[in-house]
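The structure file final_8.csv is reproduced below (CSV, C-alpha atoms).
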```
chain,number,residue,atom,x,y,z
A,1,MET,CA,-56.2,61.9,-48.3
A,2,GLN,CA,-58.2,64.9,-47.0
A,3,GLU,CA,-56.7,68.3,-47.6
A,4,PHE,CA,-58.0,69.7,-44.3
A,5,LEU,CA,-57.8,68.1,-40.8
A,6,GLU,CA,-60.4,68.7,-38.1
A,7,ILE,CA,-58.6,69.8,-34.8
A,8,GLY,CA,-61.6,70.8,-32.7
A,9,GLN,CA,-65.2,72.1,-32.5
A,10,ILE,CA,-66.4,75.4,-31.1
A,11,VAL,CA,-68.8,74.4,-28.4
A,12,ASN,CA,-69.6,77.7,-26.8
A,13,THR,CA,-68.5,81.3,-26.2
A,14,PHE,CA,-66.3,82.4,-23.3
A,15,GLY,CA,-66.6,85.8,-21.7
A,16,ILE,CA,-67.8,88.9,-23.3
A,17,LYS,CA,-64.9,89.9,-25.5
A,18,GLY,CA,-65.4,87.3,-28.3
A,19,MET,CA,-63.5,84.3,-27.1
A,20,VAL,CA,-64.7,80.8,-28.1
A,21,LYS,CA,-64.5,77.6,-26.2
A,22,VAL,CA,-63.1,74.7,-28.3
A,23,LYS,CA,-63.3,71.0,-27.7
A,24,PRO,CA,-60.0,69.7,-29.1
A,25,PHE,CA,-59.7,66.7,-31.3
A,26,THR,CA,-56.0,66.2,-30.8
A,27,ASP,CA,-53.7,64.2,-28.5
A,28,ASP,CA,-51.6,67.3,-27.7
A,29,ILE,CA,-53.8,70.1,-26.6
A,30,THR,CA,-50.9,72.6,-26.5
A,31,ARG,CA,-50.6,72.3,-30.3
A,32,PHE,CA,-52.9,75.4,-30.4
A,33,ASP,CA,-50.1,77.5,-29.1
A,34,ASP,CA,-48.2,77.1,-32.4
A,35,LEU,CA,-51.2,78.0,-34.6
A,36,GLU,CA,-51.3,81.4,-36.3
A,37,LYS,CA,-54.5,80.7,-38.2
A,38,VAL,CA,-57.3,78.2,-38.6
A,39,TYR,CA,-60.2,77.6,-40.9
A,40,VAL,CA,-63.6,77.7,-39.3
A,41,GLU,CA,-66.1,75.5,-41.2
A,42,ILE,CA,-69.7,76.5,-40.9
A,43,HIS,CA,-72.3,74.7,-43.1
A,44,LYS,CA,-69.5,73.3,-45.4
A,45,ASN,CA,-68.0,76.8,-46.0
A,46,LYS,CA,-64.5,77.4,-44.7
A,47,LYS,CA,-63.3,80.9,-43.6
A,48,GLU,CA,-59.8,81.6,-42.4
A,49,TYR,CA,-59.3,83.3,-39.0
A,50,GLU,CA,-56.2,84.6,-37.5
A,51,ILE,CA,-55.6,83.6,-33.9
A,52,GLU,CA,-55.0,86.5,-31.5
A,53,GLU,CA,-54.8,84.6,-28.2
A,54,VAL,CA,-55.0,81.0,-26.8
A,55,LYS,CA,-55.7,80.0,-23.3
A,56,TYR,CA,-56.6,76.7,-21.6
A,57,HIS,CA,-59.4,75.9,-19.2
A,58,LYS,CA,-59.7,72.4,-17.9
A,59,ASP,CA,-59.7,70.2,-21.1
A,60,MET,CA,-60.9,73.0,-23.3
A,61,VAL,CA,-59.1,75.5,-25.5
A,62,LEU,CA,-60.1,79.2,-25.3
A,63,ILE,CA,-59.4,81.1,-28.5
A,64,LYS,CA,-59.7,84.8,-29.4
A,65,PHE,CA,-59.9,85.4,-33.2
A,66,LYS,CA,-58.8,88.6,-34.7
A,67,GLY,CA,-61.9,90.6,-35.7
A,68,ILE,CA,-64.2,88.8,-33.3
A,69,ASP,CA,-64.6,91.2,-30.4
A,70,LYS,CA,-68.1,90.7,-29.1
A,71,VAL,CA,-69.9,87.7,-27.6
A,72,GLU,CA,-72.6,88.1,-30.3
A,73,GLU,CA,-70.0,87.6,-33.1
A,74,ALA,CA,-68.5,84.6,-31.3
A,75,GLU,CA,-71.9,83.1,-30.9
A,76,LEU,CA,-72.2,82.8,-34.7
A,77,LEU,CA,-69.3,80.4,-34.7
A,78,ARG,CA,-70.8,78.0,-32.2
A,79,ASN,CA,-71.0,74.3,-33.3
A,80,SER,CA,-68.5,75.0,-36.2
A,81,TYR,CA,-65.3,73.0,-36.7
A,82,LEU,CA,-61.7,74.2,-36.7
A,83,LYS,CA,-59.6,72.9,-39.5
A,84,VAL,CA,-56.0,73.2,-40.6
A,85,ASN,CA,-54.4,72.5,-43.9
A,86,ARG,CA,-52.6,69.2,-43.9
A,87,ASN,CA,-49.7,70.7,-45.8
A,88,ASP,CA,-49.1,73.2,-42.9
A,89,GLU,CA,-48.8,70.4,-40.3
A,90,PRO,CA,-45.5,68.9,-39.2
A,91,ASN,CA,-44.7,65.4,-40.2
A,92,LEU,CA,-45.9,62.7,-37.8
A,93,GLU,CA,-43.6,60.3,-36.0
A,94,ASP,CA,-43.3,56.8,-37.5
A,95,GLY,CA,-46.2,54.7,-36.3
A,96,THR,CA,-48.4,57.7,-35.7
A,97,TYR,CA,-51.4,58.4,-38.0
A,98,TYR,CA,-54.2,60.9,-38.4
A,99,ILE,CA,-57.5,59.3,-37.5
A,100,VAL,CA,-59.1,60.5,-40.7
A,101,ASP,CA,-56.5,58.5,-42.7
A,102,LEU,CA,-57.4,55.3,-40.8
A,103,LEU,CA,-61.2,55.5,-41.1
A,104,GLY,CA,-62.5,53.2,-43.8
A,105,LEU,CA,-59.4,51.1,-44.1
A,106,ASP,CA,-59.9,47.3,-44.6
A,107,VAL,CA,-58.9,45.3,-41.5
A,108,TYR,CA,-57.5,41.8,-42.0
A,109,SER,CA,-56.4,39.2,-39.5
A,110,ASP,CA,-52.8,37.9,-39.8
A,111,GLU,CA,-54.4,34.8,-41.2
A,112,GLY,CA,-55.7,36.7,-44.2
A,113,ASN,CA,-59.4,37.0,-43.2
A,114,LEU,CA,-61.2,40.2,-43.9
A,115,LEU,CA,-62.7,41.4,-40.5
A,116,GLY,CA,-64.3,44.6,-41.8
A,117,LYS,CA,-63.5,48.3,-42.1
A,118,VAL,CA,-62.4,50.8,-39.4
A,119,ASP,CA,-65.6,52.6,-38.5
A,120,ASP,CA,-64.5,54.7,-35.6
A,121,ILE,CA,-61.5,55.3,-33.3
A,122,PHE,CA,-61.8,56.4,-29.7
A,123,ASN,CA,-59.5,56.5,-26.7
A,124,ASN,CA,-60.3,54.6,-23.5
A,125,GLY,CA,-57.6,56.3,-21.4
A,126,SER,CA,-54.8,53.8,-21.8
A,127,CYS,CA,-54.9,53.4,-25.7
A,128,ASP,CA,-56.9,54.0,-28.8
A,129,ILE,CA,-59.6,51.5,-29.7
A,130,TYR,CA,-60.3,50.8,-33.3
A,131,ALA,CA,-64.0,50.0,-33.9
A,132,VAL,CA,-64.1,47.6,-36.9
A,133,LYS,CA,-67.5,46.9,-38.6
A,134,ASP,CA,-68.1,44.0,-40.9
A,135,GLU,CA,-70.6,44.0,-43.8
A,136,LEU,CA,-73.4,42.7,-41.5
A,137,GLY,CA,-72.8,45.6,-39.1
A,138,LYS,CA,-71.2,43.5,-36.4
A,139,GLN,CA,-68.6,45.5,-34.5
A,140,LEU,CA,-65.2,44.3,-33.2
A,141,LEU,CA,-63.2,46.5,-30.8
A,142,LEU,CA,-59.5,46.2,-31.2
A,143,PRO,CA,-56.9,47.9,-28.9
A,144,ALA,CA,-54.3,49.8,-30.8
A,145,ILE,CA,-51.4,48.1,-29.1
A,146,SER,CA,-48.4,46.4,-30.8
A,147,ASP,CA,-49.6,42.9,-29.8
A,148,VAL,CA,-52.7,43.5,-31.9
A,149,ILE,CA,-52.0,46.0,-34.6
A,150,LYS,CA,-49.3,44.4,-36.8
A,151,GLU,CA,-49.2,46.5,-39.9
A,152,ILE,CA,-50.9,49.7,-41.2
A,153,ASN,CA,-50.5,50.4,-44.9
A,154,LEU,CA,-52.1,53.6,-46.0
A,155,GLU,CA,-51.1,53.1,-49.7
A,156,GLU,CA,-52.9,49.7,-49.8
A,157,LYS,CA,-55.7,51.0,-47.5
A,158,ARG,CA,-55.3,48.0,-45.1
A,159,ILE,CA,-54.5,47.1,-41.6
A,160,VAL,CA,-53.3,43.7,-40.5
A,161,VAL,CA,-54.1,42.6,-36.9
A,162,HIS,CA,-53.4,39.7,-34.6
A,163,ILE,CA,-56.5,38.6,-32.7
A,164,LEU,CA,-55.6,37.9,-29.2
A,165,LYS,CA,-57.5,35.2,-27.3
A,166,GLY,CA,-60.7,36.7,-25.9
A,167,LEU,CA,-61.0,39.6,-28.4
A,168,ILE,CA,-63.6,37.8,-30.5
```
Please lay out the structure from this file as structure tokens.
Amino acid sequence: MQEFLEIGQIVNTFGIKGMVKVKPFTDDITRFDDLEKVYVEIHKNKKEYEIEEVKYHKDMVLIKFKGIDKVEEAELLRNSYLKVNRNDEPNLEDGTYYIVDLLGLDVYSDEGNLLGKVDDIFNNGSCDIYAVKDELGKQLLLPAISDVIKEINLEEKRIVVHILKGLI
């Protein structure tokens, strides 16, 4: 499992006092209210930043880091990723997983057939969609609903699914 989890990307600056605009990668955008620090990863190098202020604007998070006081300083952070240490995160509820932990898992039908590996996960508004790719590159899109996703086993790195009529 990865030690650090991506929670957003700095996509722009905001204002002239060093705030950055962050596209969040989380279901609960208000989780930023509870953060005291984050790691900013630029070119595979992580640097810890203390959070001074958090605001919200539309679907974006506005963050002021301690020591970043000018727009020129904030501009240097553009396109970098915000990460948190997994050990600092609260435990997830049963049946809830970090996307990074599901990517690459083998997906089997409840009949025992290997369908492929989880290649991507995205949300269509009503539920998450697991994009499963087989060894030939063919993609299967599976809704993450209880009628389809029957078992997720992180230790065995596998997901068991029931294919509803019309999915294939």
- Item | Point-to-point distance from CA of Leu142 (chain A) to CA of Val160 (chain A), Å rounded to tenths | 11.5 Å
- Could you tell me which of A:Glu151, A:Asp34, A:Glu89, A:Asp106 comes closest to Lys133 (chain A) if we count only C-alpha atoms?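 Counting only C-alpha atoms, the residue closest to Lys133 (chain A) is A:Asp106.
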Please write out, as JSON, where the centre of an axis-aligned box around all listed atoms of region 126-135 of chain A lies and how long its edges are, in Å to one decimal, after adding 4 Å on each side.
```
{"center_x": -62.7, "center_y": 49.0, "center_z": -32.8, "size_x": 23.8, "size_y": 18.0, "size_z": 30.0}
```
- Query: Which one of A:Ile51, A:Lys165, A:Leu136, A:Pro143 sits closest to Asn124 (chain A) if you count only C-alpha atoms?
  - Reply: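 Checking each candidate against Asn124 (chain A), we get A:Pro143 as the closest.
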Could you pull the residues within 6 Å of Asn85 (chain A), counting all atoms listed in the file, minus those fewer than 2 positions along the same chain, as a short mmCIF file (atom, residue, chain, number, x, y, z; two decimals) with C-alpha atoms, in the frame of the given file?
```
data_model
loop_
_atom_site.label_atom_id
_atom_site.label_comp_id
_atom_site.auth_asym_id
_atom_site.auth_seq_id
_atom_site.Cartn_x
_atom_site.Cartn_y
_atom_site.Cartn_z
CA PHE A 4 -58.00 69.70 -44.30
CA ASN A 87 -49.70 70.70 -45.80
CA ASP A 88 -49.10 73.20 -42.90
#
```
- Message: Would you compute the distance between CA of Gln9 (chain A) and CA of Tyr81 (chain A)? Give it in Å to one decimal.
- Response: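 CA of Tyr81 (chain A) lies 4.3 Å from CA of Gln9 (chain A).
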- Task: Mind checking which residues fall within 12 Å of Phe14 (chain A), counting only C-alpha atoms, ignoring those fewer than 5 positions away in the same chain, and posting them as a ChimeraX atom specification?
- Result: /A:19-22,54-57,60-64,69-75,77-78
- Message: Calculated over all atoms listed in the file, which of the candidates A:Leu105, A:Leu167, A:Ile145, A:Cys127 has the smallest distance to Asp27 (chain A)?
- Response: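 For Asp27 (chain A), the nearest of the given residues is A:Cys127.
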- Message: Would you compute the distance between CA of Asp94 (chain A) and CA of Asn153 (chain A)? Give it in Å to one decimal.
- Response: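 That distance, rounded to one decimal, is 12.1 Å.
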